[in-house]
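Source file: final_19.cif (mmCIF, C-alpha atoms)
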```
data_data
loop_
_atom_site.label_atom_id
_atom_site.label_comp_id
_atom_site.auth_asym_id
_atom_site.auth_seq_id
_atom_site.Cartn_x
_atom_site.Cartn_y
_atom_site.Cartn_z
CA MET A 967 2.51 3.65 -106.00
CA SER A 968 2.66 2.22 -102.47
CA ASP A 969 5.00 -0.52 -103.68
CA TYR A 970 7.45 2.09 -104.94
CA LEU A 971 7.12 4.05 -101.70
CA VAL A 972 7.96 0.92 -99.71
CA ARG A 973 10.97 0.30 -101.96
CA PHE A 974 12.07 3.94 -101.52
CA LEU A 975 11.80 3.92 -97.72
CA ILE A 976 13.27 0.47 -97.07
CA GLY A 977 15.86 0.85 -99.81
CA GLY A 978 16.95 4.22 -98.47
CA ALA A 979 17.26 2.84 -94.94
CA VAL A 980 19.27 -0.23 -95.98
CA VAL A 981 21.56 1.83 -98.22
CA SER A 982 22.13 4.29 -95.36
CA LEU A 983 23.02 1.48 -92.94
CA PHE A 984 25.62 0.01 -95.26
CA ALA A 985 26.99 3.48 -96.02
CA ILE A 986 27.38 4.18 -92.30
CA GLY A 987 29.05 0.79 -91.90
CA GLY A 988 31.55 1.69 -94.58
CA SER A 989 32.33 5.12 -93.15
CA ILE A 990 33.58 3.81 -89.79
CA PHE A 991 36.20 1.38 -91.11
CA LYS A 992 39.85 1.90 -91.91
CA PRO A 993 41.83 1.41 -94.10
CA LYS A 994 39.89 3.08 -96.89
CA SER A 995 40.29 0.09 -99.22
CA PHE A 996 38.37 -2.05 -96.69
CA ALA A 997 35.71 0.62 -96.18
CA GLY A 998 35.29 0.63 -99.96
CA LEU A 999 33.83 -2.90 -99.80
CA PHE A 1000 30.65 -1.32 -98.44
CA ALA A 1001 30.37 0.94 -101.49
CA ALA A 1002 29.43 -2.27 -103.33
CA ALA A 1003 27.19 -3.69 -100.62
CA PRO A 1004 24.07 -5.58 -101.76
CA SER A 1005 21.75 -2.99 -100.21
CA VAL A 1006 19.37 -2.46 -103.15
CA ALA A 1007 19.59 -6.17 -103.95
CA LEU A 1008 18.39 -7.22 -100.50
CA VAL A 1009 15.29 -5.03 -100.83
CA GLY A 1010 14.71 -6.07 -104.44
CA PHE A 1011 14.98 -9.80 -103.79
CA ALA A 1012 12.92 -9.64 -100.60
CA LEU A 1013 10.08 -8.02 -102.54
CA ALA A 1014 10.56 -10.41 -105.48
CA PHE A 1015 10.23 -13.44 -103.18
CA ALA A 1016 7.22 -11.89 -101.43
CA LYS A 1017 5.28 -10.58 -104.43
CA LYS A 1018 6.44 -12.62 -107.42
CA ASP A 1019 7.81 -16.16 -107.35
CA ARG A 1020 11.11 -17.88 -106.79
CA ALA A 1021 11.83 -18.35 -110.47
CA TYR A 1022 11.50 -14.56 -110.91
CA ALA A 1023 14.02 -13.93 -108.13
CA SER A 1024 16.39 -16.55 -109.55
CA ILE A 1025 16.31 -14.87 -112.98
CA GLU A 1026 17.07 -11.52 -111.34
CA GLY A 1027 19.99 -13.16 -109.53
CA ARG A 1028 21.47 -14.28 -112.84
CA SER A 1029 21.21 -10.74 -114.27
CA MET A 1030 22.69 -9.31 -111.09
CA ILE A 1031 25.95 -11.13 -111.88
CA LEU A 1032 26.19 -9.15 -115.14
CA GLY A 1033 25.36 -5.94 -113.28
CA ALA A 1034 28.19 -6.71 -110.86
CA ILE A 1035 30.64 -7.20 -113.74
CA ALA A 1036 29.57 -3.79 -115.08
CA PHE A 1037 30.10 -2.38 -111.58
CA ILE A 1038 33.69 -3.70 -111.56
CA ILE A 1039 34.43 -1.94 -114.86
CA PHE A 1040 32.65 1.19 -113.58
CA SER A 1041 34.87 1.19 -110.47
CA GLY A 1042 37.96 0.77 -112.64
CA CYS A 1043 36.92 3.82 -114.70
CA VAL A 1044 36.36 5.90 -111.57
CA TRP A 1045 39.75 4.85 -110.18
CA PHE A 1046 41.46 5.84 -113.43
CA LEU A 1047 39.72 9.21 -113.64
CA VAL A 1048 40.36 10.10 -109.99
CA LYS A 1049 43.84 8.63 -109.39
CA LYS A 1050 45.44 9.11 -112.77
CA MET A 1051 43.52 11.92 -114.46
CA ARG A 1052 42.99 13.69 -111.08
CA TRP A 1053 39.29 14.41 -111.66
CA HIS A 1054 37.04 15.31 -108.76
CA SER A 1055 35.21 12.24 -107.44
CA LEU A 1056 31.64 13.28 -108.27
CA PRO A 1057 32.07 14.02 -112.00
CA ALA A 1058 34.24 10.91 -112.30
CA ALA A 1059 31.51 8.74 -110.76
CA LEU A 1060 28.69 10.33 -112.77
CA THR A 1061 30.62 10.01 -116.05
CA SER A 1062 31.46 6.40 -115.29
CA LEU A 1063 27.77 5.60 -114.76
CA LEU A 1064 27.43 5.81 -118.55
CA VAL A 1065 30.01 3.02 -118.72
CA TRP A 1066 27.96 0.95 -116.25
CA PHE A 1067 24.82 1.30 -118.36
CA ALA A 1068 26.65 0.45 -121.58
CA ILE A 1069 28.39 -2.63 -120.14
CA ALA A 1070 25.35 -3.90 -118.20
CA ILE A 1071 22.90 -3.58 -121.08
CA GLY A 1072 25.50 -4.84 -123.58
CA LEU A 1073 26.22 -7.98 -121.53
CA GLN A 1074 22.51 -8.59 -121.03
CA ARG A 1075 21.79 -8.30 -124.75
CA ALA A 1076 24.79 -10.44 -125.70
CA LEU A 1077 24.40 -13.22 -123.13
CA LEU A 1078 20.77 -13.27 -122.12
CA GLY A 1079 18.95 -11.97 -125.18
CA GLY A 1080 16.11 -9.43 -125.05
CA SER A 1081 14.09 -8.44 -121.98
CA GLY A 1082 12.10 -11.20 -120.29
CA MET B 1431 49.30 -5.74 -93.94
CA ARG B 1432 46.88 -3.34 -92.27
CA LYS B 1433 44.03 -4.95 -90.36
CA PRO B 1434 40.55 -3.40 -90.57
CA THR B 1435 39.73 -1.22 -87.57
CA VAL B 1436 36.53 0.46 -86.46
CA HIS B 1437 36.49 4.20 -85.78
CA LEU B 1438 33.10 5.29 -84.46
CA GLU B 1439 34.29 8.89 -84.19
CA LYS B 1440 34.17 9.01 -87.98
CA LEU B 1441 30.37 9.19 -87.72
CA LYS B 1442 30.73 12.77 -86.48
CA GLU B 1443 32.52 13.80 -89.67
CA SER B 1444 29.31 13.49 -91.68
CA LYS B 1445 26.72 16.23 -91.49
CA TRP B 1446 23.00 15.40 -91.30
CA HIS B 1447 22.31 16.40 -94.91
CA GLU B 1448 24.96 13.93 -96.09
CA TYR B 1449 23.02 11.09 -94.45
CA LEU B 1450 19.87 12.45 -96.06
CA VAL B 1451 21.48 12.45 -99.51
CA ARG B 1452 22.48 8.80 -99.11
CA PHE B 1453 18.97 7.88 -97.93
CA VAL B 1454 17.23 9.68 -100.78
CA PHE B 1455 19.59 8.48 -103.49
CA GLY B 1456 19.51 4.91 -102.22
CA GLY B 1457 15.73 4.98 -102.01
CA LEU B 1458 15.41 6.35 -105.54
CA VAL B 1459 17.68 3.63 -106.92
CA ALA B 1460 15.69 0.93 -105.11
CA ALA B 1461 12.43 2.31 -106.51
CA ALA B 1462 13.95 2.63 -110.00
CA ALA B 1463 15.14 -1.00 -109.87
CA GLY B 1464 11.57 -2.04 -109.08
CA TRP B 1465 10.21 0.06 -111.95
CA ALA B 1466 12.75 -1.44 -114.38
CA ALA B 1467 11.75 -4.96 -113.34
CA GLU B 1468 8.03 -4.16 -113.78
CA LYS B 1469 8.55 -2.48 -117.14
CA PHE B 1470 11.18 -4.73 -118.74
CA GLY B 1471 11.00 -7.96 -116.75
CA PRO B 1472 13.41 -9.65 -114.31
CA VAL B 1473 16.24 -10.08 -116.87
CA VAL B 1474 16.68 -6.29 -117.09
CA GLY B 1475 15.46 -5.54 -113.57
CA GLY B 1476 18.11 -7.81 -112.08
CA LEU B 1477 20.89 -5.68 -113.61
CA PHE B 1478 19.83 -2.73 -111.47
CA LEU B 1479 20.18 -4.75 -108.28
CA ALA B 1480 23.93 -4.27 -108.83
CA PHE B 1481 23.65 -0.56 -109.68
CA PRO B 1482 26.29 1.65 -107.97
CA SER B 1483 23.77 3.21 -105.57
CA ILE B 1484 26.03 4.07 -102.62
CA PHE B 1485 29.21 4.61 -104.57
CA PRO B 1486 28.99 8.16 -106.03
CA ALA B 1487 27.90 9.70 -102.73
CA SER B 1488 30.44 7.67 -100.73
CA ILE B 1489 33.56 8.62 -102.64
CA THR B 1490 32.45 12.24 -102.93
CA LEU B 1491 32.07 12.40 -99.15
CA VAL B 1492 35.44 10.67 -98.63
CA GLN B 1493 37.10 13.36 -100.74
CA GLN B 1494 35.18 16.21 -99.08
CA HIS B 1495 35.96 15.04 -95.54
CA GLU B 1496 39.66 14.89 -96.36
CA GLN B 1497 39.55 18.35 -97.90
CA ARG B 1498 37.81 19.73 -94.81
CA LYS B 1499 40.79 18.68 -92.71
CA ASP B 1500 43.23 20.48 -95.03
CA GLN B 1501 41.77 23.38 -97.00
CA GLY B 1502 44.84 23.79 -99.21
CA LYS B 1503 45.88 22.12 -102.44
CA SER B 1504 47.43 19.17 -100.57
CA GLY B 1505 44.03 18.48 -98.97
CA ALA B 1506 42.41 18.25 -102.38
CA GLU B 1507 45.09 15.87 -103.60
CA LYS B 1508 44.89 13.72 -100.44
CA GLY B 1509 41.12 13.63 -100.86
CA LYS B 1510 41.47 12.25 -104.37
CA ASP B 1511 43.98 9.65 -103.18
CA LYS B 1512 41.63 8.49 -100.41
CA ALA B 1513 38.71 8.39 -102.85
CA GLY B 1514 40.84 6.28 -105.17
CA ASP B 1515 41.67 3.86 -102.33
CA ASP B 1516 37.95 3.61 -101.54
CA THR B 1517 37.34 2.70 -105.19
CA VAL B 1518 39.80 -0.20 -105.00
CA GLY B 1519 37.77 -1.63 -102.12
CA ALA B 1520 34.60 -1.25 -104.18
CA ILE B 1521 36.10 -3.50 -106.87
CA PHE B 1522 36.48 -6.28 -104.30
CA GLY B 1523 32.96 -5.61 -103.05
CA CYS B 1524 31.69 -6.04 -106.63
CA VAL B 1525 33.25 -9.51 -106.81
CA GLY B 1526 31.24 -10.28 -103.68
CA LEU B 1527 28.14 -8.80 -105.36
CA ALA B 1528 28.53 -11.28 -108.21
CA ALA B 1529 28.72 -14.08 -105.61
CA PHE B 1530 25.54 -12.72 -104.00
CA GLY B 1531 23.71 -12.86 -107.32
CA GLY B 1532 25.09 -16.31 -108.02
CA VAL B 1533 23.75 -17.70 -104.76
CA VAL B 1534 20.27 -16.35 -105.42
CA TRP B 1535 20.39 -17.65 -109.02
CA ALA B 1536 21.49 -21.11 -107.83
CA PHE B 1537 19.30 -21.50 -104.74
CA GLY B 1538 16.46 -19.04 -105.23
CA ARG B 1539 14.13 -21.61 -106.75
CA GLN B 1540 14.24 -23.96 -103.78
CA GLY B 1541 14.38 -23.77 -99.99
CA ASN B 1542 13.59 -20.90 -97.68
CA PRO B 1543 13.90 -17.41 -99.22
CA ILE B 1544 15.20 -15.90 -95.98
CA ALA B 1545 17.91 -18.57 -95.76
CA CYS B 1546 18.74 -17.91 -99.42
CA LEU B 1547 19.21 -14.17 -98.82
CA ALA B 1548 21.17 -14.80 -95.62
CA GLY B 1549 23.45 -17.18 -97.48
CA ALA B 1550 23.84 -14.70 -100.32
CA THR B 1551 24.79 -11.94 -97.87
CA ALA B 1552 27.30 -14.27 -96.21
CA ALA B 1553 28.72 -15.04 -99.66
CA TRP B 1554 29.12 -11.31 -100.34
CA MET B 1555 30.97 -10.81 -97.06
CA ALA B 1556 33.18 -13.86 -97.51
CA VAL B 1557 34.12 -13.31 -101.15
CA SER B 1558 34.68 -9.56 -100.93
CA GLY B 1559 36.63 -9.95 -97.68
CA LEU B 1560 38.75 -12.75 -99.09
CA THR B 1561 39.62 -10.82 -102.27
CA TRP B 1562 40.56 -7.83 -100.11
CA LEU B 1563 42.80 -10.04 -97.95
CA LEU B 1564 44.47 -11.53 -101.02
CA GLN B 1565 45.16 -8.05 -102.38
CA GLN B 1566 46.57 -6.95 -99.03
CA ARG B 1567 48.81 -10.00 -98.90
CA PHE B 1568 50.09 -10.13 -102.47
CA PHE B 1569 49.45 -6.72 -104.07
CA PRO B 1570 49.37 -4.08 -101.31
CA ILE B 1571 48.61 -0.63 -102.65
CA ARG B 1572 50.16 2.65 -101.72
CA GLU B 1573 47.67 3.49 -98.98
CA GLU B 1574 49.45 1.02 -96.75
CA GLU B 1575 52.82 2.54 -97.67
CA ARG B 1576 51.34 5.98 -97.09
CA GLY B 1577 50.12 4.90 -93.66
CA LEU B 1578 53.54 3.50 -92.77
CA GLU B 1579 55.22 6.66 -94.02
CA GLU B 1580 52.91 8.74 -91.83
CA GLY B 1581 53.68 6.48 -88.89
CA ARG B 1582 57.45 6.80 -89.44
CA THR B 1583 57.13 10.56 -89.72
CA ILE B 1584 55.25 10.70 -86.42
CA GLU B 1585 57.87 8.46 -84.80
CA LYS B 1586 60.69 10.74 -86.03
CA ARG B 1587 58.96 13.81 -84.59
CA ASN B 1588 58.62 12.12 -81.20
CA VAL B 1589 62.29 11.16 -80.90
CA PRO B 1590 63.96 13.66 -78.55
CA ALA B 1591 66.92 15.60 -79.93
CA LYS B 1592 70.31 14.35 -78.75
CA ALA B 1593 72.14 16.66 -76.39
CA SER B 1594 75.16 18.27 -78.12
#
```

What's the structure tokens form of this structure?
Amino acid sequence: MSDYLVRFLIGGAVVSLFAIGGSIFKPKSFAGLFAAAPSVALVGFALAFAKKDRAYASIEGRSMILGAIAFIIFSGCVWFLVKKMRWHSLPAALTSLLVWFAIAIGLQRALLGGSG
Amino acid sequence: MRKPTVHLEKLKESKWHEYLVRFVFGGLVAAAAGWAAEKFGPVVGGLFLAFPSIFPASITLVQQHEQRKDQGKSGAEKGKDKAGDDTVGAIFGCVGLAAFGGVVWAFGRQGNPIACLAGATAAWMAVSGLTWLLQQRFFPIREEERGLEEGRTIEKRNVPAKAS
């Protein structure tokens, strides 16, 4: 339980810092870079290196590439729903999360096999 | 091409509960990523290290802040346009995220872990920044045109009327 609490507190702080960083930049397309900042990844890898081993972290790094590809497609879906279909941002983002899950898990199953 | 600029006054636009939402949501995602890794192993857990943790709250706040400035229908439409521009930036950030993961995958097994993470973060900054620059140079999107149009409109208003 304490491990999850540490992840929650440090993860929340790092996410907040990157979010603040993104909010102060213009133009908006540059500020958007911070919406895909490696905030959760930094916490996750730091704990993986500290508590597991380097091979574990390296395997997570490989899977992270697939998660990033899913994130690109997710962002494209959000852009389409907001800019073209004129949805409100929040329902567009929440709906597109289903796309992220489908693409991420699909790529993992197709390219990396089952869980390991 | 518009250069990135820093506007610290933007920090005042966010209310305290908006910072709290980002903190809580980000913390929950970080904890969930750890749970997924424990339950299903690093192959699945690693996917969640690229989960859109900041994104939904960020673009919602971008739209809301724009709508606060203009309560009418045009404010809502401008908010959606700004949120859409923010999303384009996120796509470039995701390319950098893939570079981050690639660095850890390639160098995580050897060397200093802190140096590995520092290098991965530098890779994220370099790759996402470079893709943004390339887009600005070769495929500028309407936000730049919108900014120039606003600038021209302001210039026209400031020109004194000619005496008849």

Closest pair table for chain B residues within 6 Å of chain A, all atoms listed in the file, as a tab-separated table:
```
residue	atom	partner	partner_atom	distance
B:Pro1434	CA	A:Lys992	CA	5.5
B:Thr1435	CA	A:Lys992	CA	5.3
B:Val1436	CA	A:Phe991	CA	4.8
B:His1437	CA	A:Ile990	CA	5.0
B:Leu1438	CA	A:Ile990	CA	5.6
B:Lys1440	CA	A:Ile990	CA	5.5
B:Arg1452	CA	A:Ser982	CA	5.9
B:Phe1453	CA	A:Gly978	CA	4.2
B:Val1454	CA	A:Gly978	CA	5.9
B:Gly1456	CA	A:Gly978	CA	4.6
B:Gly1457	CA	A:Gly978	CA	3.8
B:Leu1458	CA	A:Phe974	CA	5.8
B:Ala1460	CA	A:Gly977	CA	5.3
B:Ala1461	CA	A:Arg973	CA	5.2
B:Phe1470	CA	A:Ser1081	CA	5.7
B:Gly1471	CA	A:Gly1082	CA	4.9
B:Pro1472	CA	A:Glu1026	CA	5.1
B:Val1473	CA	A:Gly1082	CA	5.5
B:Val1474	CA	A:Ser1081	CA	5.9
B:Gly1476	CA	A:Glu1026	CA	3.9
B:Leu1477	CA	A:Gly1033	CA	4.5
B:Leu1479	CA	A:Ala1007	CA	4.6
B:Ala1480	CA	A:Gly1033	CA	5.0
B:Ile1484	CA	A:Ala1001	CA	5.5
B:Phe1485	CA	A:Ala1001	CA	4.9
B:Pro1486	CA	A:Ala1059	CA	5.4
B:Thr1490	CA	A:Ser1055	CA	5.3
B:Gly1514	CA	A:Trp1045	CA	5.3
B:Asp1515	CA	A:Ser995	CA	5.1
B:Asp1516	CA	A:Gly998	CA	4.3
B:Thr1517	CA	A:Trp1045	CA	5.9
B:Val1518	CA	A:Ser995	CA	5.8
B:Gly1519	CA	A:Gly998	CA	4.0
B:Ala1520	CA	A:Gly998	CA	4.7
B:Ile1521	CA	A:Ile1038	CA	5.3
B:Gly1523	CA	A:Leu999	CA	4.3
B:Cys1524	CA	A:Ala1002	CA	5.5
B:Leu1527	CA	A:Ala1034	CA	5.9
B:Ala1528	CA	A:Ile1031	CA	4.5
B:Gly1531	CA	A:Gly1027	CA	4.3
B:Val1534	CA	A:Gly1027	CA	5.2
B:Trp1535	CA	A:Ser1024	CA	4.2
B:Gly1538	CA	A:Ser1024	CA	5.0
B:Arg1539	CA	A:Arg1020	CA	4.8
```

Distance of atom CA of B:Gly1549 from atom CA of B:Gly1526, expressed in Å to one decimal place: 12.1 Å

d(atom CA of B:Ala1545, atom CA of B:Ala1529) in Å: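 So the two atoms, atom CA of B:Ala1545 and atom CA of B:Ala1529, lie 15.3 Å apart.
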
One-decimal distance in Å that lies between atom CA of A:Val1065 and atom CA of B:Phe1522: 18.3 Å

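For B:Gln1494, the residues within 12 Å (counting only C-alpha atoms, excluding itself and residues fewer than 4 positions away along the chain) are A:His1054, A:Ser1055, A:Leu1056, B:Glu1443, B:Ser1444, B:Lys1445, B:Glu1448, B:Ala1487, B:Ser1488, B:Ile1489, B:Thr1490, B:Arg1498, B:Lys1499, B:Asp1500, B:Gln1501, B:Gly1505, B:Ala1506, B:Glu1507, B:Lys1508, B:Gly1509, B:Lys1510, B:Asp1511, B:Lys1512, B:Ala1513.
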